[in-house]
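Colleague: Just dropping this structure here.
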Amino acid sequence: MPPRDTQYLHNPTHAVDFRRFISDEYLDCLREQRAEIQASGSRAPVTTNLMLPTWNNLEQWSWAEELDVVAVDHYLDTTAPDGETHVAYGSDLTRSWAGGQPWLLMEQSANTISLDGRIAYKEPGRMLRNSLSYIAHGSQGALFFQWRASAAGSEAWHGAIVPHAGADSTSFRGACELGATLRAIGEVAAPPADGRVLDADVAILWHADGWWALENRSLPSDHLDFSAAVRSTHRALWHAGVAVDFARPGTDLSAYKLVLVPSMFTLNDAAVRALEDYVAGGGQLAVWYFSGVADENLHVVTGGYPGRLRDLLGVRVESFRPLGVDEHVELSDGLQGARWSELVHLEGARALATYVGGPLNGRPAVTAAERGPGTAYYVSTELDPASTATLLDRLMAQAGVMPVLGATPPAGVEAVRRRGAEHDYLFVLNHGATDITVRGEGYDLVGDRQTAEGVLVPGGGYLVARESTAPQWTVTVDEGAGGSR
Amino acid sequence: MPPRDTQYLHNPTHAVDFRRFISDEYLDCLREQRAEIQASGSRAPVTTNLMLPTWNNLEQWSWAEELDVVAVDHYLDTTAPDGETHVAYGSDLTRSWAGGQPWLLMEQSANTISLDGRIAYKEPGRMLRNSLSYIAHGSQGALFFQWRASAAGSEAWHGAIVPHAGADSTSFRGACELGATLRAIGEVAAPPADGRVLDADVAILWHADGWWALENRSLPSDHLDFSAAVRSTHRALWHAGVAVDFARPGTDLSAYKLVLVPSMFTLNDAAVRALEDYVAGGGQLAVWYFSGVADENLHVVTGGYPGRLRDLLGVRVESFRPLGVDEHVELSDGLQGARWSELVHLEGARALATYVGGPLNGRPAVTAAERGPGTAYYVSTELDPASTATLLDRLMAQAGVMPVLGATPPAGVEAVRRRGAEHDYLFVLNHGATDITVRGEGYDLVGDRQTAEGVLVPGGGYLVARESTAPQWTVTVDEGAGGSR
Amino acid sequence: MPPRDTQYLHNPTHAVDFRRFISDEYLDCLREQRAEIQASGSRAPVTTNLMLPTWNNLEQWSWAEELDVVAVDHYLDTTAPDGETHVAYGSDLTRSWAGGQPWLLMEQSANTISLDGRIAYKEPGRMLRNSLSYIAHGSQGALFFQWRASAAGSEAWHGAIVPHAGADSTSFRGACELGATLRAIGEVAAPPADGRVLDADVAILWHADGWWALENRSLPSDHLDFSAAVRSTHRALWHAGVAVDFARPGTDLSAYKLVLVPSMFTLNDAAVRALEDYVAGGGQLAVWYFSGVADENLHVVTGGYPGRLRDLLGVRVESFRPLGVDEHVELSDGLQGARWSELVHLEGARALATYVGGPLNGRPAVTAAERGPGTAYYVSTELDPASTATLLDRLMAQAGVMPVLGATPPAGVEAVRRRGAEHDYLFVLNHGATDITVRGEGYDLVGDRQTAEGVLVPGGGYLVARESTAPQWTVTVDEGAGGSR
């Protein structure tokens, strides 16, 4: 029976179970259709659209196992610079679902962003930079919906390569420029022998269950939001210029130097064991509030939160203390949190920071438990963006995680290394308005020149460089070279 | 099949078609009832209530053709002075639907305004001034819902001539005063030989299709609002003291000096031809953004906007650029817009004003195309009220359109000339708090005196004057005469 | 037929009638179940949960008549100090439904408050003080939902005596402390011979009909709110330290010195007669706007508001003038109102205060009509909290109503006298942060000591004292004794 309207509250376990069931049924439907296609003798690779980032109806890990190529739609949800971080977020998710293998951007918009009840226009160059970012993060192409804007119907105002105005348009010229660029960088598409197109030392735990579980009502706070928690963690890593994977709960994590678990309410036995094994093997693990509180049936593990990770983290949380929308908490190390706090008792861990003031004054806020060579950190509040960045910097320094360029890139500059068959490739995307110069041993595929002497990448521009075997790059901001443009 | 809930988006053409169908079905229903009445031998004139201003379910032009008298309800939606402009707006619409003939105000409220979830009270004198405004604009009377407030039921708190408190009340005394006034001015009801009770040099294009089309979702902006666009244009003309008609798309416009088309998304062949013929015959035409973009099936005309009027206007719009709710655009002539902008290419027109700053810097914003003796203007943004007034002043000056009084009236003063059988009649309604003096050759019907020496019209008061054959009026504000009251 | 969706407005009489019908049907259901239980030979007392304060589906007076013990759930809806006034409000209502007899708090939360989409935590000591307040106001106990927090299901995050963390928790220790306190004060539960556990000189008229009638739409203002009007009146009396009953319309009111009628839209014949008899017998009656306007069928009594009380109050209201959300009115005696005003004519009453400024300038706002030894007051606007307090102080002074302690208690201090079999008991609850000293002839049941020399009650603490036969108490704030804690 599906969940139905009730006289009062619903059964949260039932609600999540039903979403699992729907994902499974859809997937059976895909298998049936694939079987029919293959029965007809077709050898065409089979894929479908996993519908990033808001369509929350599939358990993506199990779907990816069934697809020859993992593919997604991705539409920006903002005109602001933060859109660039969302491109990387969607790309990292999709590549991770694909097991680190190449994937395909099946749809993007050539020119428009649907925003607050209107269409907004992408700035010149944005579509090209975004396309290169998808590719840098492992996509084998940059497809669009749609070639030609329809004159009628419900999507007449959707973006298109050829708009209503015709080919004499910024949109179409931009698509032509993208075509030329892709021709020039074609060699990046050949994958390395192991198929893994990115090297990442950091992984974030992701599971549709985490999202579904927090979409229930009757939680301690309506502000619990799995997707937002994951996204804000990923965003901080993007700004730090660090490569990131997403990891499936229960899989081997030993390849990573740092594993992050943002507000994953439910964990099953395998997921708990994988985290324990990871730390036992020397891993650095950081767990955020409201993770591991319940098993996969949404049954709370009693005796103190977070029941499933209590021993690993060395804490016992007596009660959750969600905060009002205008409330904040200060920590003893200067960091700041909101929306959530907890009454934490230390049971083996030590406090890295305590709450300052308020009903939790002096109580542990951020903790660390040494577990042999590994460490298990616990964060009991929702840190603001700057505090999240500060904490992650500390954790990455301890774990030996380095940015792609060896140093944090200038603001607005994205650097991604894509692994290839013979070479690796450095993508530098200058999303800001200020010119930069990129220097290092390599070859500018589009500019058709060596990069050792330095390549000017203007504001809004990009560089795709074939790397030498031991690349060392520097990126400098060209303050005197004309400023913004 | 009616439009139904869909899994995602609906078919906009279907949605508008269904509203046309509903209006037609209702109208068939009216015809059936009328036939039954007439079959019984009745010769009583037949009418119904076209339900101004928010009930958006009838195509009024076709309905008006079937009625012996066009009639409407009109309820103020604000206590603020802007309510007076709405009286004129509703009246001008209704008279236009009636082909310029007299019509009838079927319902108004004697004392209350339903506002933000409460009843508000009309100030003393407001009901009387409003009643005279309806009549000035062509109504043959000022009826009310209802005589006596009901003691029970869902409309117990609706306004009434006799309130719950009984006849010893401001409301009932106000109705008696209105009765005496109407007796005194009774001669104004006799129509002129041609039946047209107002002379207007300006027409605004109006069609229910325009409203229905913009009530679809999946447009480039949720803020597109036909009714608001028409209303703000009409409001600017009200403040300028100019008489206005509304025109049915496809009809002969040659009687007007200036025709305005605010955001009429769809135009059929006949409507386009009528606008072309109008300009070819020397007319001055001004078209606002998002007009003529599609045909009557909501199919966008491709090749550049606004496809159906591209040749007439001499522009080719490459893309619409709706603005965020907090965004504004500045034009080179000092005007200001919001909510909408466009990337306009000139193809025969010249730019009267360009955008200043932002992504459209230097691009045309307002254009004019000379077409023989006529001119076709295009306005590619939503001007704010002051800018709309400035633009309309320029257009009216060029077209030779004059205010009723020969000059813009003082703030808050409304002047309307109603044509009669033997004479014309000037209605001066002083909606403000400051006394004014009205001078000119005529006769004050209520005061029963000549007006040549000047008639004091106190704040909140009125004058109805039978005009001489060559009237020349002046209205002066009585600064020293006691000020506001 | 139940009320259904309509094309437009519904029938308000029908809507209220249906709610009466539902309450009656539910009550029949209770009678049936009770009959079955008793048929089986059970002699267990029968009760049910009247579901304070928001579940508005029962006519509580008729329900209370059928129950052996009147019982309610009560959950705080705020973390702020105003929660304490709501405890008293709920308690006074329930005791009044029980005819002044003891009742039972069937459910409260041990630790959490559901607030703005999150759980908030009760401060240490709050649950204990609240429990004592219920008991002071007549409850025979302080029960909880629930003993142990459930690990699963829709109420897993509901408060509990034993939380998920287990017995080693603030919650459980707090419950133990409550248990010890209740053991020490057990003697208060023995009721006096007449069964009435509180003496109150003030009564507020309450009836579910009043609430239901104002939940209709199509009233003069959407802001009419019976429950809020009653609550704000009760809150003002709480701060004044005065004992309050609620009275059923139509019952004998002669035991009270002051009777308050806040916005009771409908009154039936018996209710009107009871008010008239009360004033005729020398009672002081104060009636707020929109009371007695209609009979029990929601039929407005015409001829001037408030029709059913017009003669008693000596006023004739010509029209209601609800105010906009940002509007205020000033009265000539310095008081201030909002949301509502009225055009009042005096017909036997005299004006105690008039409106100042605005369309009602100089018109009566608050009136008094002498009716032999009694007085009937009328308040035609919604006074703000400070003005309500000022007005009630005046009325209480005139009526000879005294606070429990003989004087208004310090801010945040609640004093309640519960009548017992042999003695009366004074409960002093110090909800504030400042220490106080309570002095008077009595015995501190928990501290096990005489109170004559003074008992220090720290911020957040309490005193339950067995009183001497002629108690005289003083409460002083201990400014120098360490301040807040």
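By convention here, the chains of the structure tokens are called A, B, ... in the order presented, each chain's residues are numbered starting at 1, and ligands are numbered starting at 1 in the order presented.
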For the contact check between chain B and chain A, emit one row per residue of chain B within 10 Å, containing the shortest atom pair and the distance in Å rounded to one decimal, counting only C-alpha atoms, chain then rising number order, as a Markdown table.

Modeller:
| residue | atom | partner | partner_atom | distance |
| --- | --- | --- | --- | --- |
| B:Tyr8 | CA | A:Ser154 | CA | 9.4 |
| B:Leu9 | CA | A:Ser154 | CA | 6.0 |
| B:His10 | CA | A:Ser154 | CA | 5.9 |
| B:Asn11 | CA | A:Ser154 | CA | 5.2 |
| B:Pro12 | CA | A:Ser154 | CA | 6.1 |
| B:Thr13 | CA | A:Gly153 | CA | 7.1 |
| B:His14 | CA | A:Gly153 | CA | 9.1 |
| B:Asn216 | CA | A:Ser154 | CA | 9.4 |
| B:Arg217 | CA | A:Ser154 | CA | 8.4 |
| B:Ser218 | CA | A:Ser154 | CA | 6.3 |
| B:Leu219 | CA | A:Trp157 | CA | 6.3 |
| B:Pro220 | CA | A:Arg118 | CA | 5.3 |
| B:Ser221 | CA | A:Arg118 | CA | 4.0 |
| B:Asp222 | CA | A:Gly117 | CA | 5.2 |
| B:His223 | CA | A:Gly117 | CA | 7.8 |
| B:Leu224 | CA | A:Arg118 | CA | 9.7 |
| B:Ala294 | CA | A:Ala151 | CA | 8.6 |
| B:Asn297 | CA | A:Ala152 | CA | 8.4 |
| B:Leu298 | CA | A:Ala152 | CA | 6.6 |
| B:His299 | CA | A:Ala152 | CA | 4.7 |
| B:Val300 | CA | A:Ala151 | CA | 4.7 |
| B:Val301 | CA | A:Ala151 | CA | 6.9 |
| B:Thr302 | CA | A:His164 | CA | 4.8 |
| B:Gly303 | CA | A:Ala165 | CA | 4.3 |
| B:Gly304 | CA | A:Ala165 | CA | 3.9 |
| B:Tyr305 | CA | A:Ala165 | CA | 6.9 |
| B:Pro306 | CA | A:Ala165 | CA | 9.7 |
| B:Gly307 | CA | A:Ala165 | CA | 9.2 |
| B:Arg316 | CA | A:Ala165 | CA | 8.1 |
| B:Val317 | CA | A:Ala165 | CA | 7.3 |
| B:Glu318 | CA | A:Ala165 | CA | 5.2 |
| B:Ser319 | CA | A:Ala165 | CA | 7.2 |
| B:Phe320 | CA | A:Ile119 | CA | 8.5 |
| B:Arg321 | CA | A:Ala120 | CA | 6.5 |
| B:Pro322 | CA | A:Arg118 | CA | 6.5 |
| B:Leu323 | CA | A:Ala120 | CA | 7.4 |
| B:Gly324 | CA | A:Arg118 | CA | 7.7 |
| B:Val325 | CA | A:Asp116 | CA | 8.9 |
| B:Arg339 | CA | A:Arg118 | CA | 9.5 |
| B:Trp340 | CA | A:Arg118 | CA | 9.9 |
| B:Pro359 | CA | A:Glu123 | CA | 8.2 |

Colleague: Restricting the calculation to only C-alpha atoms, which member of B:Leu429, B:Leu58, B:Leu285, B:Val446 is positioned closest to Glu370 of chain B?

Modeller: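 Counting only C-alpha atoms, the residue closest to Glu370 of chain B is B:Leu285.
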
Colleague: Taking only segment 234-305 of chain C into account, list the residues labelled alpha helix (DSSP H) by DSSP (computed from the backbone), as number ranges by chain.

Modeller: C: 234-240, 269-280

Colleague: Keeping only C-alpha atoms, take the residues you just selected and write them out as a tab-separated table (two decimals), in the first residue's frame.

Modeller:
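The resulting file, again-v3.tsv, is shown below:
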chain	number	residue	atom	x	y	z
C	234	HIS	CA	-6.96	36.22	30.65
C	235	ARG	CA	-3.29	37.07	30.20
C	236	ALA	CA	-3.84	40.57	31.56
C	237	LEU	CA	-5.52	39.11	34.66
C	238	TRP	CA	-2.66	36.63	35.11
C	239	HIS	CA	-0.15	39.47	35.17
C	240	ALA	CA	-2.38	41.25	37.69
C	269	ASP	CA	-31.84	34.37	24.85
C	270	ALA	CA	-30.63	32.68	27.99
C	271	ALA	CA	-27.18	34.21	27.68
C	272	VAL	CA	-28.60	37.70	27.25
C	273	ARG	CA	-30.94	37.24	30.19
C	274	ALA	CA	-28.12	36.01	32.41
C	275	LEU	CA	-26.08	39.12	31.63
C	276	GLU	CA	-29.05	41.40	32.23
C	277	ASP	CA	-29.86	39.67	35.52
C	278	TYR	CA	-26.23	39.93	36.58
C	279	VAL	CA	-26.08	43.69	36.03
C	280	ALA	CA	-29.54	44.17	37.55

Colleague: So that I can check the surroundings of Val401 of chain A, please list as a ChimeraX atom specification every protein, DNA and RNA residue that reaches within 7 Å of it, counting only C-alpha atoms and ignoring chain neighbours fewer than 2 positions away.

Modeller: /A:201,257,396-397,399,403

Colleague: For a test of reading the model, state the distance in Å between atom CA of Val261 of chain B and atom CA of Val287 of chain B, rounded to one decimal.

Modeller: 4.7 Å

Colleague: In terms of the shortest atom-to-atom distance over only C-alpha atoms, which of B:Met402, B:Val16, B:Val72, B:Leu128 is closest to Leu214 of chain B?

Modeller: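 Nearest to Leu214 of chain B: B:Val16.
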
Colleague: If we count only C-alpha atoms and set the cut-off at 8 Å, which residues sit around His423 of chain C, ignoring sequence neighbours fewer than 2 positions away in its own chain? Please answer as a list in words.

Modeller: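 The residues satisfying every condition are Arg419, Gly420, Ala421, Tyr425, Arg466, Glu467, Ser468 and Thr469 of chain C.
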
Colleague: What residues in segment 28-184 of chain C get the DSSP label strand (DSSP E)? Please answer as an MDAnalysis selection string.

Modeller: chainID C and resid 71:73 103:107 112:115 118:121 139:142

Colleague: Keeping all heavy atoms for every residue in the selection just given, could you write it to a file as a compact mmCIF listing (two decimals), in the first residue's frame?

Modeller:
# COMPACT_ATOMS: atom_id res chain seq x y z
N ALA C 71 -10.61 15.94 31.87
CA ALA C 71 -9.16 15.81 31.66
C ALA C 71 -8.78 16.46 30.33
O ALA C 71 -9.57 16.52 29.40
CB ALA C 71 -8.75 14.34 31.66
N VAL C 72 -7.53 16.94 30.27
CA VAL C 72 -7.03 17.58 29.05
C VAL C 72 -5.56 17.23 28.83
O VAL C 72 -4.83 16.93 29.77
CB VAL C 72 -7.12 19.12 29.11
CG1 VAL C 72 -8.55 19.59 29.12
CG2 VAL C 72 -6.34 19.66 30.29
N ASP C 73 -5.18 17.30 27.57
CA ASP C 73 -3.77 17.44 27.19
C ASP C 73 -3.42 18.91 27.21
O ASP C 73 -4.27 19.75 26.88
CB ASP C 73 -3.56 17.01 25.73
CG ASP C 73 -3.64 15.52 25.54
OD1 ASP C 73 -3.93 14.83 26.52
OD2 ASP C 73 -3.41 15.08 24.40
N TRP C 103 -9.72 18.45 38.44
CA TRP C 103 -9.64 17.88 37.09
C TRP C 103 -8.29 17.20 36.97
O TRP C 103 -7.57 17.08 37.95
CB TRP C 103 -9.82 18.98 36.04
CG TRP C 103 -8.87 20.12 36.21
CD1 TRP C 103 -8.97 21.13 37.13
CD2 TRP C 103 -7.64 20.34 35.52
NE1 TRP C 103 -7.91 21.98 37.04
CE2 TRP C 103 -7.06 21.52 36.05
CE3 TRP C 103 -6.98 19.68 34.49
CZ2 TRP C 103 -5.85 22.02 35.59
CZ3 TRP C 103 -5.78 20.19 34.02
CH2 TRP C 103 -5.22 21.35 34.57
N LEU C 104 -7.94 16.79 35.75
CA LEU C 104 -6.69 16.05 35.60
C LEU C 104 -5.94 16.43 34.33
O LEU C 104 -6.51 16.43 33.24
CB LEU C 104 -6.97 14.53 35.58
CG LEU C 104 -5.72 13.65 35.64
CD1 LEU C 104 -4.93 13.89 36.93
CD2 LEU C 104 -6.11 12.18 35.52
N LEU C 105 -4.66 16.77 34.52
CA LEU C 105 -3.78 16.98 33.37
C LEU C 105 -3.36 15.61 32.85
O LEU C 105 -2.56 14.92 33.46
CB LEU C 105 -2.54 17.78 33.76
CG LEU C 105 -1.56 17.99 32.60
CD1 LEU C 105 -2.12 18.97 31.57
CD2 LEU C 105 -0.20 18.42 33.09
N MET C 106 -3.89 15.23 31.71
CA MET C 106 -3.71 13.88 31.18
C MET C 106 -2.40 13.73 30.41
O MET C 106 -1.81 12.66 30.36
CB MET C 106 -4.88 13.58 30.26
CG MET C 106 -4.92 12.19 29.70
SD MET C 106 -6.35 11.99 28.61
CE MET C 106 -7.58 11.40 29.75
N GLU C 107 -1.95 14.80 29.77
CA GLU C 107 -0.71 14.74 28.99
C GLU C 107 -0.01 16.08 29.07
O GLU C 107 -0.65 17.12 28.94
CB GLU C 107 -0.97 14.49 27.49
CG GLU C 107 -1.43 13.12 27.14
CD GLU C 107 -1.52 12.92 25.61
OE1 GLU C 107 -0.89 13.71 24.87
OE2 GLU C 107 -2.21 11.99 25.19
N THR C 112 10.18 18.77 25.82
CA THR C 112 10.24 19.49 24.55
C THR C 112 8.99 20.33 24.31
O THR C 112 7.93 20.07 24.86
CB THR C 112 10.36 18.51 23.37
OG1 THR C 112 9.24 17.64 23.40
CG2 THR C 112 11.65 17.72 23.45
N ILE C 113 9.17 21.33 23.46
CA ILE C 113 8.09 22.19 23.01
C ILE C 113 8.17 22.21 21.49
O ILE C 113 9.23 22.47 20.93
CB ILE C 113 8.25 23.62 23.56
CG1 ILE C 113 8.24 23.60 25.09
CG2 ILE C 113 7.18 24.54 23.02
CD1 ILE C 113 8.61 24.94 25.71
N SER C 114 7.08 21.89 20.84
CA SER C 114 7.06 21.91 19.38
C SER C 114 6.81 23.33 18.92
O SER C 114 5.79 23.93 19.25
CB SER C 114 5.95 20.98 18.88
OG SER C 114 6.02 20.85 17.50
N LEU C 115 7.76 23.88 18.19
CA LEU C 115 7.77 25.33 17.98
C LEU C 115 8.33 25.66 16.61
O LEU C 115 9.49 25.36 16.34
CB LEU C 115 8.66 25.95 19.06
CG LEU C 115 8.77 27.46 19.07
CD1 LEU C 115 7.51 28.07 19.65
CD2 LEU C 115 9.98 27.88 19.90
N ARG C 118 10.26 22.96 14.77
CA ARG C 118 11.39 22.29 15.41
C ARG C 118 10.99 21.93 16.84
O ARG C 118 9.98 22.43 17.35
CB ARG C 118 12.62 23.19 15.44
CG ARG C 118 12.38 24.43 16.27
CD ARG C 118 13.62 25.27 16.47
NE ARG C 118 13.27 26.50 17.14
CZ ARG C 118 13.78 26.90 18.30
NH1 ARG C 118 14.70 26.18 18.92
NH2 ARG C 118 13.40 28.04 18.85
N ILE C 119 11.76 21.08 17.48
CA ILE C 119 11.57 20.88 18.91
C ILE C 119 12.50 21.84 19.66
O ILE C 119 13.67 21.99 19.31
CB ILE C 119 11.84 19.42 19.35
CG1 ILE C 119 13.21 18.93 18.88
CG2 ILE C 119 10.75 18.49 18.85
CD1 ILE C 119 13.60 17.58 19.48
N ALA C 120 11.94 22.50 20.65
CA ALA C 120 12.75 23.34 21.52
C ALA C 120 12.78 22.66 22.89
O ALA C 120 11.90 21.87 23.21
CB ALA C 120 12.15 24.73 21.62
N TYR C 121 13.79 22.98 23.66
CA TYR C 121 13.91 22.34 24.97
C TYR C 121 13.43 23.23 26.10
O TYR C 121 13.70 24.43 26.12
CB TYR C 121 15.36 21.89 25.20
CG TYR C 121 15.46 20.43 24.89
CD1 TYR C 121 15.42 20.02 23.56
CD2 TYR C 121 15.43 19.45 25.89
CE1 TYR C 121 15.42 18.66 23.25
CE2 TYR C 121 15.42 18.12 25.58
CZ TYR C 121 15.42 17.73 24.27
OH TYR C 121 15.38 16.41 23.96
N SER C 139 -5.63 20.76 39.12
CA SER C 139 -5.39 19.41 38.63
C SER C 139 -5.03 18.48 39.79
O SER C 139 -4.36 18.90 40.73
CB SER C 139 -4.27 19.40 37.58
OG SER C 139 -4.06 18.07 37.13
N GLN C 140 -5.46 17.22 39.68
CA GLN C 140 -5.14 16.24 40.71
C GLN C 140 -3.81 15.54 40.42
O GLN C 140 -3.44 14.61 41.14
CB GLN C 140 -6.25 15.19 40.81
CG GLN C 140 -7.57 15.74 41.31
CD GLN C 140 -7.51 16.29 42.73
OE1 GLN C 140 -7.08 17.44 42.91
NE2 GLN C 140 -7.90 15.50 43.70
N GLY C 141 -3.13 15.95 39.39
CA GLY C 141 -1.86 15.33 39.08
C GLY C 141 -1.23 15.99 37.87
O GLY C 141 -1.73 17.00 37.36
N ALA C 142 -0.10 15.44 37.44
CA ALA C 142 0.63 15.99 36.30
C ALA C 142 1.15 14.80 35.50
O ALA C 142 2.25 14.31 35.76
CB ALA C 142 1.76 16.89 36.76

Colleague: What lies within 9 Å of Met264 of chain A using only C-alpha atoms, ignoring chain neighbours under 4 positions off, as a list in words?

Modeller: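 Final neighbour list, sorted by chain and number: Leu205, Trp206, His207, Asp209, Gly210, Trp211, Ala213, Leu214, Phe226, Val287, Trp288, Tyr289, Phe290, Ser291, Gly292 and Val293 of chain A.
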
Colleague: So which residues touch Val413 of chain A within 8 Å, counting only C-alpha atoms, skipping near sequence neighbours fewer than 2 positions away, as a ChimeraX atom specification?

Modeller: /A:409-411,415,428-432

Colleague: Expressed in Å to a single decimal, how great is the separation between atom CA of Gly138 of chain A and atom CA of Glu84 of chain A?

Modeller: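 According to the coordinates, atom CA of Gly138 of chain A and atom CA of Glu84 of chain A are separated by 15.6 Å.
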
Colleague: For atom CA of Glu453 of chain A and atom CA of Glu187 of chain A, determine how far apart the two atoms are, in Å to one decimal place.

Modeller: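 That distance, rounded to one decimal, is 23.0 Å.
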
Colleague: Excluding Val404 of chain B and its own-chain neighbours fewer than 4 positions away, which residues fall within 9 Å of it when counting only C-alpha atoms? Please give them as a list in words.

Modeller: Gly241, Val242, Ala243, Thr408, Pro409, Ala415, Val416 and Arg417 of chain B

Colleague: Nearest to Gly460 of chain A: which of A:Val46, A:Gly174, A:Arg129, A:Ala365 is it, counting only C-alpha atoms?

Modeller: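 Among the listed residues, the smallest separation from Gly460 of chain A belongs to A:Arg129.
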